[in-house]
Amino acid sequence: MAFGDDLTDKTVSDLSLPSMHGLQEELPGLLFLSGSKAGHCARMSPGRWIIGRSLDAQIPFPHESVSRQHCEVTVRPDGVVSIRDLGSLNGTQINGLPVGRDASVALQEGDQVRLSASAHLKFVRQTSREAELQEGLYKAAVHDPLTGLLNRRAMDARLEQDFAYVRRHNTDLVLAVIDLDHFKRVNDTWGHDAGDLVLKACAHRIREQVRQEDLVARFGGEEFVLAMRGARAHDAMALTERIRQRVAIAPIRVPEGSVPVTLSAGVAHATEHGIESAADLFALADRRLYLAKNQGRNRVIGPTGI
């Protein structure tokens, strides 16, 4: 569909599209152009697909500007794909023109789907091989190649979304900023290859202690971030302490021997006084991390009284 076409004359009922050739070989998809999932492509088989902020949506778009059930995409067996708005707050647009609820609009390759000023998708058709390449690019863009954890870019986007969610739903978000102690000595003594093995092992020990829904990211260097949405501050402190113990209890084996490792951590939660943004939350947890370092390392420091 060319930019500026009149959508009122191109509903599914009167627009003839070429049928999809080989559903098993080529499927329609929606490519995320913005948000924490930018670069990811949601492939769609025949059926109805709800796009929305809700985790129950078939195609979740985790952004506060997107309605819980924002719009619906229908994929017909003959390959025709259409979209209609579901009464969303910010509306749905195709190539800059609004989509209504009363009539579905047919999608053509390259169409731009706008859910809000911050939420954009692109309609594509991909073979299985193209989809694999696209997903590989997406994973490379949001994951740290050494540890497999989320990278800083993905963490920043996810943290903003989680903070908006807890404010909207009057719940809590607990953040732990974790740093390996004296990591420079590991690289200087054992070499950078051994240092990489230590980072990978520590990432694994952190990941195995947390819930599936928790965010774990490598912030950079030897620093990690753990975000626990809906967790109580007391429970999050206990979890972070278990992670500290799990890392310290056994040296990490490398080809040259065994490397003893400890960590320090600072913990903060979103309902503390003065926290108005995700940046405020991170800054408070980071200050407590450095307090833990200054008090001798190998410890967790959180809010007073917890």
# chains A, B, ... in the order shown; residues from 1 in each chain; ligands from 1
>>> residues_around(residues="A:Ile59", least_positions_apart="4", cutoff="12 Å", atoms="only C-alpha atoms", output="ChimeraX atom specification")
/A:29-32,37,40-44,48-55,66,68-73,121
>>> select_by_dssp(residues="stretch 69-109 of chain A", states="strand (DSSP E or B)", output="PyMOL selection string")
chain A and resi 71-75+81-85+92-94+97-99+105-106
>>> atom_distance(atom1="atom CA of A:Gly296", atom2="atom CA of A:Asp214")
28.2 Å
>>> residues_around(residues="A:Ala119", least_positions_apart="2", cutoff="8 Å", atoms="only C-alpha atoms", output="short mmCIF file (atom, residue, chain, number, x, y, z; two decimals) with all heavy atoms, in the first residue's frame")
data_model
loop_
_atom_site.label_atom_id
_atom_site.label_comp_id
_atom_site.auth_asym_id
_atom_site.auth_seq_id
_atom_site.Cartn_x
_atom_site.Cartn_y
_atom_site.Cartn_z
N LEU A 33 9.58 -2.21 14.95
CA LEU A 33 10.50 -1.13 14.57
C LEU A 33 10.91 -0.27 15.75
O LEU A 33 11.80 0.57 15.62
CB LEU A 33 9.85 -0.24 13.50
CG LEU A 33 9.44 -0.93 12.20
CD1 LEU A 33 8.80 0.08 11.25
CD2 LEU A 33 10.63 -1.61 11.54
N SER A 34 10.26 -0.47 16.91
CA SER A 34 10.57 0.35 18.08
C SER A 34 10.32 -0.48 19.33
O SER A 34 9.79 -1.59 19.28
CB SER A 34 9.70 1.61 18.09
OG SER A 34 8.32 1.27 18.13
N GLY A 35 10.71 0.09 20.48
CA GLY A 35 10.50 -0.58 21.76
C GLY A 35 11.58 -1.61 22.05
O GLY A 35 12.55 -1.77 21.30
N PHE A 61 3.03 -6.21 22.76
CA PHE A 61 3.87 -5.04 22.51
C PHE A 61 3.98 -4.30 23.84
O PHE A 61 3.11 -3.52 24.21
CB PHE A 61 3.25 -4.13 21.45
CG PHE A 61 4.25 -3.18 20.81
CD1 PHE A 61 4.40 -3.13 19.44
CD2 PHE A 61 5.04 -2.34 21.59
CE1 PHE A 61 5.32 -2.28 18.84
CE2 PHE A 61 5.96 -1.48 21.01
CZ PHE A 61 6.10 -1.45 19.63
N HIS A 63 4.54 -1.73 25.85
CA HIS A 63 4.77 -0.29 25.99
C HIS A 63 3.52 0.36 26.54
O HIS A 63 2.41 0.00 26.15
CB HIS A 63 5.15 0.34 24.64
CG HIS A 63 5.75 1.71 24.77
ND1 HIS A 63 4.98 2.85 24.91
CD2 HIS A 63 7.05 2.11 24.84
CE1 HIS A 63 5.78 3.90 25.02
NE2 HIS A 63 7.04 3.48 24.98
N SER A 65 2.09 3.07 26.04
CA SER A 65 1.24 3.80 25.10
C SER A 65 0.35 2.87 24.27
O SER A 65 -0.53 3.35 23.55
CB SER A 65 2.11 4.64 24.15
OG SER A 65 2.92 3.80 23.35
N VAL A 66 0.57 1.57 24.38
CA VAL A 66 -0.21 0.58 23.65
C VAL A 66 -1.32 0.05 24.56
O VAL A 66 -1.07 -0.28 25.72
CB VAL A 66 0.68 -0.58 23.18
CG1 VAL A 66 -0.13 -1.65 22.47
CG2 VAL A 66 1.79 -0.06 22.25
N ARG A 114 1.20 1.88 12.84
CA ARG A 114 1.50 2.77 13.98
C ARG A 114 0.45 2.56 15.07
O ARG A 114 -0.73 2.73 14.84
CB ARG A 114 1.49 4.23 13.54
CG ARG A 114 1.81 5.23 14.63
CD ARG A 114 1.58 6.66 14.13
NE ARG A 114 1.99 7.68 15.06
CZ ARG A 114 1.24 8.14 16.07
NH1 ARG A 114 0.02 7.64 16.27
NH2 ARG A 114 1.69 9.09 16.87
N LEU A 115 0.93 2.18 16.26
CA LEU A 115 0.04 2.02 17.41
C LEU A 115 0.06 3.25 18.31
O LEU A 115 -0.90 3.50 19.04
CB LEU A 115 0.43 0.78 18.22
CG LEU A 115 0.58 -0.54 17.42
CD1 LEU A 115 0.94 -1.68 18.36
CD2 LEU A 115 -0.70 -0.84 16.64
N SER A 116 1.16 3.96 18.28
CA SER A 116 1.30 5.21 19.03
C SER A 116 2.56 5.89 18.52
O SER A 116 3.26 5.35 17.64
CB SER A 116 1.42 4.95 20.54
OG SER A 116 2.70 4.41 20.85
N ALA A 117 2.89 7.05 19.08
CA ALA A 117 4.10 7.75 18.66
C ALA A 117 5.35 6.95 18.97
O ALA A 117 6.40 7.16 18.36
CB ALA A 117 4.17 9.12 19.34
N LEU A 121 5.28 -0.87 13.84
CA LEU A 121 5.49 -2.19 13.26
C LEU A 121 5.54 -2.07 11.74
O LEU A 121 5.07 -1.08 11.18
CB LEU A 121 4.36 -3.15 13.66
CG LEU A 121 4.13 -3.41 15.14
CD1 LEU A 121 2.70 -3.88 15.37
CD2 LEU A 121 5.10 -4.44 15.67
#
>>> residues_around(residues="A:Ala217", least_positions_apart="6", cutoff="12 Å", atoms="only C-alpha atoms", output="PyMOL selection string")
chain A and resi 142-159+175-179+202-204+206-207+223-228
>>> residues_around(residues="A:Asp193", least_positions_apart="4", cutoff="12 Å", atoms="only C-alpha atoms", output="VMD selection string")
chain A and resid 146 186 to 189 197 to 200 254 to 256
>>> write_last_selection(atoms="N, CA, C and O atoms", output="CSV table (one decimal), in the first residue's frame")
chain,number,residue,atom,x,y,z
A,146,LEU,N,28.6,-12.7,25.2
A,146,LEU,CA,29.4,-13.5,26.0
A,146,LEU,C,28.6,-14.4,27.0
A,146,LEU,O,28.7,-15.6,27.1
A,186,VAL,N,41.4,-10.6,38.5
A,186,VAL,CA,41.2,-11.9,37.8
A,186,VAL,C,41.8,-11.8,36.4
A,186,VAL,O,42.5,-12.8,36.0
A,187,ASN,N,41.5,-10.8,35.6
A,187,ASN,CA,42.1,-10.6,34.3
A,187,ASN,C,43.6,-10.5,34.4
A,187,ASN,O,44.3,-11.1,33.5
A,188,ASP,N,44.1,-9.8,35.3
A,188,ASP,CA,45.6,-9.6,35.4
A,188,ASP,C,46.3,-10.9,35.8
A,188,ASP,O,47.4,-11.2,35.4
A,189,THR,N,45.7,-11.7,36.7
A,189,THR,CA,46.3,-12.9,37.2
A,189,THR,C,46.1,-14.1,36.3
A,189,THR,O,47.0,-14.9,36.1
A,197,LEU,N,35.4,-16.7,31.2
A,197,LEU,CA,34.8,-17.9,31.8
A,197,LEU,C,34.2,-17.5,33.1
A,197,LEU,O,33.1,-18.0,33.5
A,198,VAL,N,34.8,-16.7,33.9
A,198,VAL,CA,34.3,-16.3,35.2
A,198,VAL,C,33.0,-15.5,35.0
A,198,VAL,O,32.0,-15.7,35.7
A,199,LEU,N,33.0,-14.6,34.0
A,199,LEU,CA,31.8,-13.8,33.7
A,199,LEU,C,30.6,-14.7,33.3
A,199,LEU,O,29.5,-14.6,33.8
A,200,LYS,N,30.9,-15.7,32.5
A,200,LYS,CA,29.8,-16.6,32.0
A,200,LYS,C,29.3,-17.4,33.2
A,200,LYS,O,28.1,-17.7,33.3
A,254,VAL,N,38.8,-22.7,35.8
A,254,VAL,CA,39.3,-22.3,34.5
A,254,VAL,C,40.4,-23.2,34.2
A,254,VAL,O,40.9,-24.0,35.0
A,255,PRO,N,40.9,-23.3,32.9
A,255,PRO,CA,41.9,-24.2,32.6
A,255,PRO,C,43.2,-24.1,33.4
A,255,PRO,O,43.9,-25.1,33.7
A,256,GLU,N,43.5,-22.9,34.0
A,256,GLU,CA,44.7,-22.7,34.8
A,256,GLU,C,44.5,-23.0,36.2
A,256,GLU,O,45.5,-23.0,37.0
>>> atom_distance(atom1="atom CA of A:Glu213", atom2="atom CA of A:Leu180")
23.5 Å
>>> residues_around(residues="A:Ile252", least_positions_apart="2", cutoff="8 Å", atoms="only C-alpha atoms", output="compact mmCIF listing (two decimals) with all heavy atoms, in the first residue's frame")
# COMPACT_ATOMS: atom_id res chain seq x y z
N VAL A 198 34.84 -16.67 33.89
CA VAL A 198 34.29 -16.25 35.19
C VAL A 198 32.99 -15.47 34.99
O VAL A 198 32.00 -15.70 35.70
CB VAL A 198 35.32 -15.41 35.97
CG1 VAL A 198 34.68 -14.72 37.17
CG2 VAL A 198 36.49 -16.28 36.42
N ALA A 201 30.22 -17.92 34.03
CA ALA A 201 29.80 -18.74 35.17
C ALA A 201 28.99 -17.93 36.17
O ALA A 201 27.97 -18.41 36.69
CB ALA A 201 31.03 -19.34 35.86
N ALA A 250 31.79 -21.43 45.91
CA ALA A 250 32.70 -22.33 45.19
C ALA A 250 33.49 -21.55 44.15
O ALA A 250 32.90 -20.83 43.33
CB ALA A 250 31.92 -23.46 44.53
N VAL A 254 38.75 -22.72 35.82
CA VAL A 254 39.25 -22.30 34.52
C VAL A 254 40.42 -23.23 34.18
O VAL A 254 40.89 -23.98 35.04
CB VAL A 254 39.72 -20.82 34.56
CG1 VAL A 254 38.56 -19.90 34.93
CG2 VAL A 254 40.86 -20.64 35.56
N SER A 258 41.47 -22.71 39.73
CA SER A 258 40.18 -22.29 40.28
C SER A 258 40.27 -20.85 40.76
O SER A 258 41.22 -20.48 41.46
CB SER A 258 39.76 -23.20 41.44
OG SER A 258 39.58 -24.53 41.00
N VAL A 259 39.28 -20.05 40.37
CA VAL A 259 39.29 -18.62 40.67
C VAL A 259 38.23 -18.32 41.74
O VAL A 259 37.04 -18.51 41.48
CB VAL A 259 39.00 -17.78 39.40
CG1 VAL A 259 39.06 -16.29 39.73
CG2 VAL A 259 39.96 -18.13 38.29
N PRO A 260 38.65 -17.86 42.92
CA PRO A 260 37.65 -17.45 43.92
C PRO A 260 37.02 -16.13 43.51
O PRO A 260 37.71 -15.20 43.08
CB PRO A 260 38.48 -17.31 45.20
CG PRO A 260 39.86 -17.02 44.73
CD PRO A 260 40.02 -17.72 43.41
N VAL A 261 35.71 -16.03 43.64
CA VAL A 261 34.99 -14.83 43.20
C VAL A 261 33.99 -14.43 44.28
O VAL A 261 33.30 -15.29 44.86
CB VAL A 261 34.23 -15.06 41.88
CG1 VAL A 261 33.52 -13.79 41.43
CG2 VAL A 261 35.17 -15.54 40.79
>>> residues_around(residues="A:Ala292", least_positions_apart="2", cutoff="12 Å", atoms="only C-alpha atoms", output="PDB file with all heavy atoms, in the first residue's frame")
ATOM      1  N   VAL A 177      21.790  -3.908  41.650  1.00  0.00           N
ATOM      2  CA  VAL A 177      22.958  -3.666  40.801  1.00  0.00           C
ATOM      3  C   VAL A 177      24.122  -4.433  41.427  1.00  0.00           C
ATOM      4  O   VAL A 177      24.460  -4.222  42.591  1.00  0.00           O
ATOM      5  CB  VAL A 177      23.276  -2.165  40.679  1.00  0.00           C
ATOM      6  CG1 VAL A 177      24.502  -1.949  39.787  1.00  0.00           C
ATOM      7  CG2 VAL A 177      22.083  -1.413  40.107  1.00  0.00           C
ATOM      8  N   ILE A 178      24.705  -5.334  40.659  1.00  0.00           N
ATOM      9  CA  ILE A 178      25.685  -6.296  41.152  1.00  0.00           C
ATOM     10  C   ILE A 178      27.018  -6.089  40.442  1.00  0.00           C
ATOM     11  O   ILE A 178      27.060  -5.898  39.218  1.00  0.00           O
ATOM     12  CB  ILE A 178      25.186  -7.736  40.899  1.00  0.00           C
ATOM     13  CG1 ILE A 178      23.867  -7.987  41.638  1.00  0.00           C
ATOM     14  CG2 ILE A 178      26.236  -8.767  41.272  1.00  0.00           C
ATOM     15  CD1 ILE A 178      23.158  -9.263  41.218  1.00  0.00           C
ATOM     16  N   ASP A 179      28.104  -6.128  41.217  1.00  0.00           N
ATOM     17  CA  ASP A 179      29.429  -5.955  40.633  1.00  0.00           C
ATOM     18  C   ASP A 179      30.374  -6.996  41.234  1.00  0.00           C
ATOM     19  O   ASP A 179      30.402  -7.193  42.454  1.00  0.00           O
ATOM     20  CB  ASP A 179      29.948  -4.547  40.909  1.00  0.00           C
ATOM     21  CG  ASP A 179      31.217  -4.233  40.133  1.00  0.00           C
ATOM     22  OD1 ASP A 179      31.104  -3.860  38.962  1.00  0.00           O
ATOM     23  OD2 ASP A 179      32.319  -4.369  40.707  1.00  0.00           O
ATOM     24  N   LEU A 180      31.141  -7.678  40.365  1.00  0.00           N
ATOM     25  CA  LEU A 180      32.110  -8.648  40.853  1.00  0.00           C
ATOM     26  C   LEU A 180      33.286  -7.913  41.497  1.00  0.00           C
ATOM     27  O   LEU A 180      33.801  -6.941  40.945  1.00  0.00           O
ATOM     28  CB  LEU A 180      32.603  -9.533  39.710  1.00  0.00           C
ATOM     29  CG  LEU A 180      31.534 -10.294  38.917  1.00  0.00           C
ATOM     30  CD1 LEU A 180      32.198 -11.237  37.923  1.00  0.00           C
ATOM     31  CD2 LEU A 180      30.596 -11.060  39.834  1.00  0.00           C
ATOM     32  N   ASP A 181      33.707  -8.405  42.655  1.00  0.00           N
ATOM     33  CA  ASP A 181      34.772  -7.734  43.405  1.00  0.00           C
ATOM     34  C   ASP A 181      36.149  -8.023  42.804  1.00  0.00           C
ATOM     35  O   ASP A 181      36.458  -9.169  42.450  1.00  0.00           O
ATOM     36  CB  ASP A 181      34.764  -8.208  44.866  1.00  0.00           C
ATOM     37  CG  ASP A 181      33.473  -7.845  45.592  1.00  0.00           C
ATOM     38  OD1 ASP A 181      32.922  -6.761  45.296  1.00  0.00           O
ATOM     39  OD2 ASP A 181      33.033  -8.634  46.445  1.00  0.00           O
ATOM     40  N   LEU A 263      31.036 -11.000  45.151  1.00  0.00           N
ATOM     41  CA  LEU A 263      30.360  -9.860  44.544  1.00  0.00           C
ATOM     42  C   LEU A 263      29.794  -8.939  45.613  1.00  0.00           C
ATOM     43  O   LEU A 263      29.590  -9.338  46.768  1.00  0.00           O
ATOM     44  CB  LEU A 263      29.257 -10.326  43.589  1.00  0.00           C
ATOM     45  CG  LEU A 263      28.072 -11.129  44.132  1.00  0.00           C
ATOM     46  CD1 LEU A 263      27.027 -10.254  44.835  1.00  0.00           C
ATOM     47  CD2 LEU A 263      27.409 -11.908  43.008  1.00  0.00           C
ATOM     48  N   SER A 264      29.547  -7.723  45.201  1.00  0.00           N
ATOM     49  CA  SER A 264      28.847  -6.738  46.022  1.00  0.00           C
ATOM     50  C   SER A 264      27.598  -6.296  45.281  1.00  0.00           C
ATOM     51  O   SER A 264      27.568  -6.330  44.044  1.00  0.00           O
ATOM     52  CB  SER A 264      29.744  -5.525  46.299  1.00  0.00           C
ATOM     53  OG  SER A 264      30.943  -5.924  46.942  1.00  0.00           O
ATOM     54  N   ALA A 265      26.576  -5.889  46.041  1.00  0.00           N
ATOM     55  CA  ALA A 265      25.323  -5.500  45.400  1.00  0.00           C
ATOM     56  C   ALA A 265      24.636  -4.398  46.179  1.00  0.00           C
ATOM     57  O   ALA A 265      24.720  -4.334  47.413  1.00  0.00           O
ATOM     58  CB  ALA A 265      24.392  -6.700  45.265  1.00  0.00           C
ATOM     59  N   GLY A 266      23.941  -3.547  45.437  1.00  0.00           N
ATOM     60  CA  GLY A 266      23.069  -2.536  46.024  1.00  0.00           C
ATOM     61  C   GLY A 266      21.650  -2.776  45.567  1.00  0.00           C
ATOM     62  O   GLY A 266      21.418  -3.102  44.395  1.00  0.00           O
ATOM     63  N   VAL A 267      20.694  -2.664  46.479  1.00  0.00           N
ATOM     64  CA  VAL A 267      19.293  -2.971  46.194  1.00  0.00           C
ATOM     65  C   VAL A 267      18.422  -1.764  46.527  1.00  0.00           C
ATOM     66  O   VAL A 267      18.604  -1.115  47.561  1.00  0.00           O
ATOM     67  CB  VAL A 267      18.822  -4.198  47.006  1.00  0.00           C
ATOM     68  CG1 VAL A 267      17.355  -4.502  46.729  1.00  0.00           C
ATOM     69  CG2 VAL A 267      19.691  -5.416  46.683  1.00  0.00           C
ATOM     70  N   ALA A 285      20.133   2.277  43.672  1.00  0.00           N
ATOM     71  CA  ALA A 285      20.749   0.952  43.807  1.00  0.00           C
ATOM     72  C   ALA A 285      22.252   1.029  43.551  1.00  0.00           C
ATOM     73  O   ALA A 285      23.045   0.363  44.237  1.00  0.00           O
ATOM     74  CB  ALA A 285      20.090  -0.029  42.844  1.00  0.00           C
ATOM     75  N   ASP A 286      22.666   1.850  42.607  1.00  0.00           N
ATOM     76  CA  ASP A 286      24.083   2.001  42.284  1.00  0.00           C
ATOM     77  C   ASP A 286      24.847   2.641  43.448  1.00  0.00           C
ATOM     78  O   ASP A 286      25.978   2.248  43.761  1.00  0.00           O
ATOM     79  CB  ASP A 286      24.230   2.839  41.016  1.00  0.00           C
ATOM     80  CG  ASP A 286      25.588   2.675  40.366  1.00  0.00           C
ATOM     81  OD1 ASP A 286      26.055   1.526  40.233  1.00  0.00           O
ATOM     82  OD2 ASP A 286      26.192   3.696  39.973  1.00  0.00           O
ATOM     83  N   ARG A 287      24.233   3.632  44.106  1.00  0.00           N
ATOM     84  CA  ARG A 287      24.886   4.255  45.274  1.00  0.00           C
ATOM     85  C   ARG A 287      25.079   3.229  46.383  1.00  0.00           C
ATOM     86  O   ARG A 287      26.112   3.220  47.065  1.00  0.00           O
ATOM     87  CB  ARG A 287      24.060   5.440  45.771  1.00  0.00           C
ATOM     88  CG  ARG A 287      24.104   6.655  44.862  1.00  0.00           C
ATOM     89  CD  ARG A 287      23.626   7.915  45.560  1.00  0.00           C
ATOM     90  NE  ARG A 287      22.237   7.829  45.968  1.00  0.00           N
ATOM     91  CZ  ARG A 287      21.214   8.187  45.198  1.00  0.00           C
ATOM     92  NH1 ARG A 287      21.434   8.620  43.959  1.00  0.00           N
ATOM     93  NH2 ARG A 287      19.977   8.117  45.647  1.00  0.00           N
ATOM     94  N   ARG A 288      24.094   2.379  46.566  1.00  0.00           N
ATOM     95  CA  ARG A 288      24.212   1.354  47.611  1.00  0.00           C
ATOM     96  C   ARG A 288      25.252   0.303  47.240  1.00  0.00           C
ATOM     97  O   ARG A 288      25.910  -0.263  48.128  1.00  0.00           O
ATOM     98  CB  ARG A 288      22.842   0.728  47.874  1.00  0.00           C
ATOM     99  CG  ARG A 288      21.923   1.691  48.609  1.00  0.00           C
ATOM    100  CD  ARG A 288      20.518   1.184  48.751  1.00  0.00           C
ATOM    101  NE  ARG A 288      19.709   2.128  49.537  1.00  0.00           N
ATOM    102  CZ  ARG A 288      18.388   2.179  49.522  1.00  0.00           C
ATOM    103  NH1 ARG A 288      17.698   1.323  48.774  1.00  0.00           N
ATOM    104  NH2 ARG A 288      17.742   3.068  50.252  1.00  0.00           N
ATOM    105  N   LEU A 289      25.408   0.031  45.950  1.00  0.00           N
ATOM    106  CA  LEU A 289      26.482  -0.859  45.523  1.00  0.00           C
ATOM    107  C   LEU A 289      27.829  -0.301  45.945  1.00  0.00           C
ATOM    108  O   LEU A 289      28.674  -1.026  46.508  1.00  0.00           O
ATOM    109  CB  LEU A 289      26.436  -1.043  44.002  1.00  0.00           C
ATOM    110  CG  LEU A 289      27.707  -1.615  43.358  1.00  0.00           C
ATOM    111  CD1 LEU A 289      27.964  -3.033  43.827  1.00  0.00           C
ATOM    112  CD2 LEU A 289      27.598  -1.567  41.834  1.00  0.00           C
ATOM    113  N   TYR A 290      28.069   0.977  45.703  1.00  0.00           N
ATOM    114  CA  TYR A 290      29.356   1.558  46.058  1.00  0.00           C
ATOM    115  C   TYR A 290      29.535   1.656  47.565  1.00  0.00           C
ATOM    116  O   TYR A 290      30.661   1.579  48.079  1.00  0.00           O
ATOM    117  CB  TYR A 290      29.536   2.918  45.369  1.00  0.00           C
ATOM    118  CG  TYR A 290      29.939   2.737  43.934  1.00  0.00           C
ATOM    119  CD1 TYR A 290      28.994   2.723  42.915  1.00  0.00           C
ATOM    120  CD2 TYR A 290      31.268   2.498  43.598  1.00  0.00           C
ATOM    121  CE1 TYR A 290      29.360   2.505  41.597  1.00  0.00           C
ATOM    122  CE2 TYR A 290      31.647   2.278  42.278  1.00  0.00           C
ATOM    123  CZ  TYR A 290      30.688   2.283  41.289  1.00  0.00           C
ATOM    124  OH  TYR A 290      31.057   2.048  39.982  1.00  0.00           O
ATOM    125  N   ASN A 294      32.636   0.121  49.641  1.00  0.00           N
ATOM    126  CA  ASN A 294      33.399   0.887  50.621  1.00  0.00           C
ATOM    127  C   ASN A 294      33.399   0.240  51.998  1.00  0.00           C
ATOM    128  O   ASN A 294      34.294   0.495  52.812  1.00  0.00           O
ATOM    129  CB  ASN A 294      32.846   2.310  50.717  1.00  0.00           C
ATOM    130  CG  ASN A 294      33.085   3.117  49.451  1.00  0.00           C
ATOM    131  OD1 ASN A 294      34.032   2.848  48.709  1.00  0.00           O
ATOM    132  ND2 ASN A 294      32.228   4.098  49.188  1.00  0.00           N
ATOM    133  N   GLN A 295      32.407  -0.598  52.271  1.00  0.00           N
ATOM    134  CA  GLN A 295      32.321  -1.266  53.571  1.00  0.00           C
ATOM    135  C   GLN A 295      33.035  -2.618  53.593  1.00  0.00           C
ATOM    136  O   GLN A 295      32.894  -3.377  54.546  1.00  0.00           O
ATOM    137  CB  GLN A 295      30.856  -1.429  53.987  1.00  0.00           C
ATOM    138  CG  GLN A 295      30.167  -0.117  54.317  1.00  0.00           C
ATOM    139  CD  GLN A 295      28.762  -0.296  54.860  1.00  0.00           C
ATOM    140  OE1 GLN A 295      28.315  -1.411  55.100  1.00  0.00           O
ATOM    141  NE2 GLN A 295      28.060   0.808  55.062  1.00  0.00           N
ATOM    142  N   GLY A 296      33.772  -2.929  52.545  1.00  0.00           N
ATOM    143  CA  GLY A 296      34.573  -4.135  52.575  1.00  0.00           C
ATOM    144  C   GLY A 296      34.270  -5.159  51.512  1.00  0.00           C
ATOM    145  O   GLY A 296      34.879  -6.232  51.471  1.00  0.00           O
ATOM    146  N   ARG A 297      33.275  -4.906  50.649  1.00  0.00           N
ATOM    147  CA  ARG A 297      32.906  -5.813  49.559  1.00  0.00           C
ATOM    148  C   ARG A 297      32.286  -7.108  50.085  1.00  0.00           C
ATOM    149  O   ARG A 297      32.132  -7.293  51.279  1.00  0.00           O
ATOM    150  CB  ARG A 297      34.103  -6.102  48.644  1.00  0.00           C
ATOM    151  CG  ARG A 297      34.619  -4.873  47.893  1.00  0.00           C
ATOM    152  CD  ARG A 297      35.777  -5.232  46.984  1.00  0.00           C
ATOM    153  NE  ARG A 297      36.097  -4.134  46.061  1.00  0.00           N
ATOM    154  CZ  ARG A 297      36.858  -3.098  46.374  1.00  0.00           C
ATOM    155  NH1 ARG A 297      37.375  -3.017  47.594  1.00  0.00           N
ATOM    156  NH2 ARG A 297      37.088  -2.135  45.496  1.00  0.00           N
ATOM    157  N   ASN A 298      31.878  -7.964  49.104  1.00  0.00           N
ATOM    158  CA  ASN A 298      31.267  -9.262  49.407  1.00  0.00           C
ATOM    159  C   ASN A 298      30.075  -9.100  50.343  1.00  0.00           C
ATOM    160  O   ASN A 298      29.939  -9.814  51.338  1.00  0.00           O
ATOM    161  CB  ASN A 298      32.295 -10.224  50.007  1.00  0.00           C
ATOM    162  CG  ASN A 298      31.771 -11.661  50.042  1.00  0.00           C
ATOM    163  OD1 ASN A 298      30.882 -12.035  49.278  1.00  0.00           O
ATOM    164  ND2 ASN A 298      32.314 -12.455  50.951  1.00  0.00           N
ATOM    165  N   ARG A 299      29.186  -8.168  49.979  1.00  0.00           N
ATOM    166  CA  ARG A 299      28.007  -7.914  50.811  1.00  0.00           C
ATOM    167  C   ARG A 299      26.906  -7.273  49.971  1.00  0.00           C
ATOM    168  O   ARG A 299      27.152  -6.770  48.877  1.00  0.00           O
ATOM    169  CB  ARG A 299      28.347  -7.033  52.005  1.00  0.00           C
ATOM    170  CG  ARG A 299      28.769  -5.610  51.652  1.00  0.00           C
ATOM    171  CD  ARG A 299      29.370  -4.918  52.861  1.00  0.00           C
ATOM    172  NE  ARG A 299      30.587  -5.618  53.284  1.00  0.00           N
ATOM    173  CZ  ARG A 299      30.957  -5.741  54.566  1.00  0.00           C
ATOM    174  NH1 ARG A 299      30.221  -5.212  55.523  1.00  0.00           N
ATOM    175  NH2 ARG A 299      32.074  -6.380  54.866  1.00  0.00           N
ATOM    176  N   VAL A 300      25.693  -7.304  50.517  1.00  0.00           N
ATOM    177  CA  VAL A 300      24.521  -6.702  49.885  1.00  0.00           C
ATOM    178  C   VAL A 300      23.988  -5.616  50.791  1.00  0.00           C
ATOM    179  O   VAL A 300      23.769  -5.845  51.981  1.00  0.00           O
ATOM    180  CB  VAL A 300      23.412  -7.761  49.627  1.00  0.00           C
ATOM    181  CG1 VAL A 300      22.179  -7.105  49.005  1.00  0.00           C
ATOM    182  CG2 VAL A 300      23.929  -8.888  48.734  1.00  0.00           C
ATOM    183  N   ILE A 301      23.758  -4.441  50.230  1.00  0.00           N
ATOM    184  CA  ILE A 301      23.200  -3.327  51.001  1.00  0.00           C
ATOM    185  C   ILE A 301      21.920  -2.853  50.330  1.00  0.00           C
ATOM    186  O   ILE A 301      21.900  -2.600  49.120  1.00  0.00           O
ATOM    187  CB  ILE A 301      24.205  -2.173  51.141  1.00  0.00           C
ATOM    188  CG1 ILE A 301      25.367  -2.605  52.040  1.00  0.00           C
ATOM    189  CG2 ILE A 301      23.522  -0.926  51.702  1.00  0.00           C
ATOM    190  CD1 ILE A 301      26.369  -1.513  52.317  1.00  0.00           C
ATOM    191  N   GLY A 302      20.863  -2.767  51.125  1.00  0.00           N
ATOM    192  CA  GLY A 302      19.576  -2.318  50.630  1.00  0.00           C
ATOM    193  C   GLY A 302      19.003  -1.244  51.522  1.00  0.00           C
ATOM    194  O   GLY A 302      19.736  -0.599  52.288  1.00  0.00           O
TER     195      GLY A 302
END
>>> atom_distance(atom1="atom CA of A:Ser277", atom2="atom CA of A:Phe219")
18.3 Å
>>> select_by_dssp(residues="stretch 141-261 of chain A", states="helix (DSSP H, G or I)", output="number ranges by chain")
A: 141-142, 152-169, 183-190, 192-207, 233-249
>>> closest_residue(among="A:Arg84, A:Arg205, A:Arg125, A:Arg244", to="A:Val113", atoms="only C-alpha atoms")
A:Arg84
>>> closest_residue(among="A:Val166, A:Ala106, A:Ala38, A:Val174", to="A:His234", atoms="only C-alpha atoms")
A:Val174
>>> closest_residue(among="A:Gly230, A:Pro251, A:Gly39, A:Pro303", to="A:Ala140", atoms="only C-alpha atoms")
A:Gly39
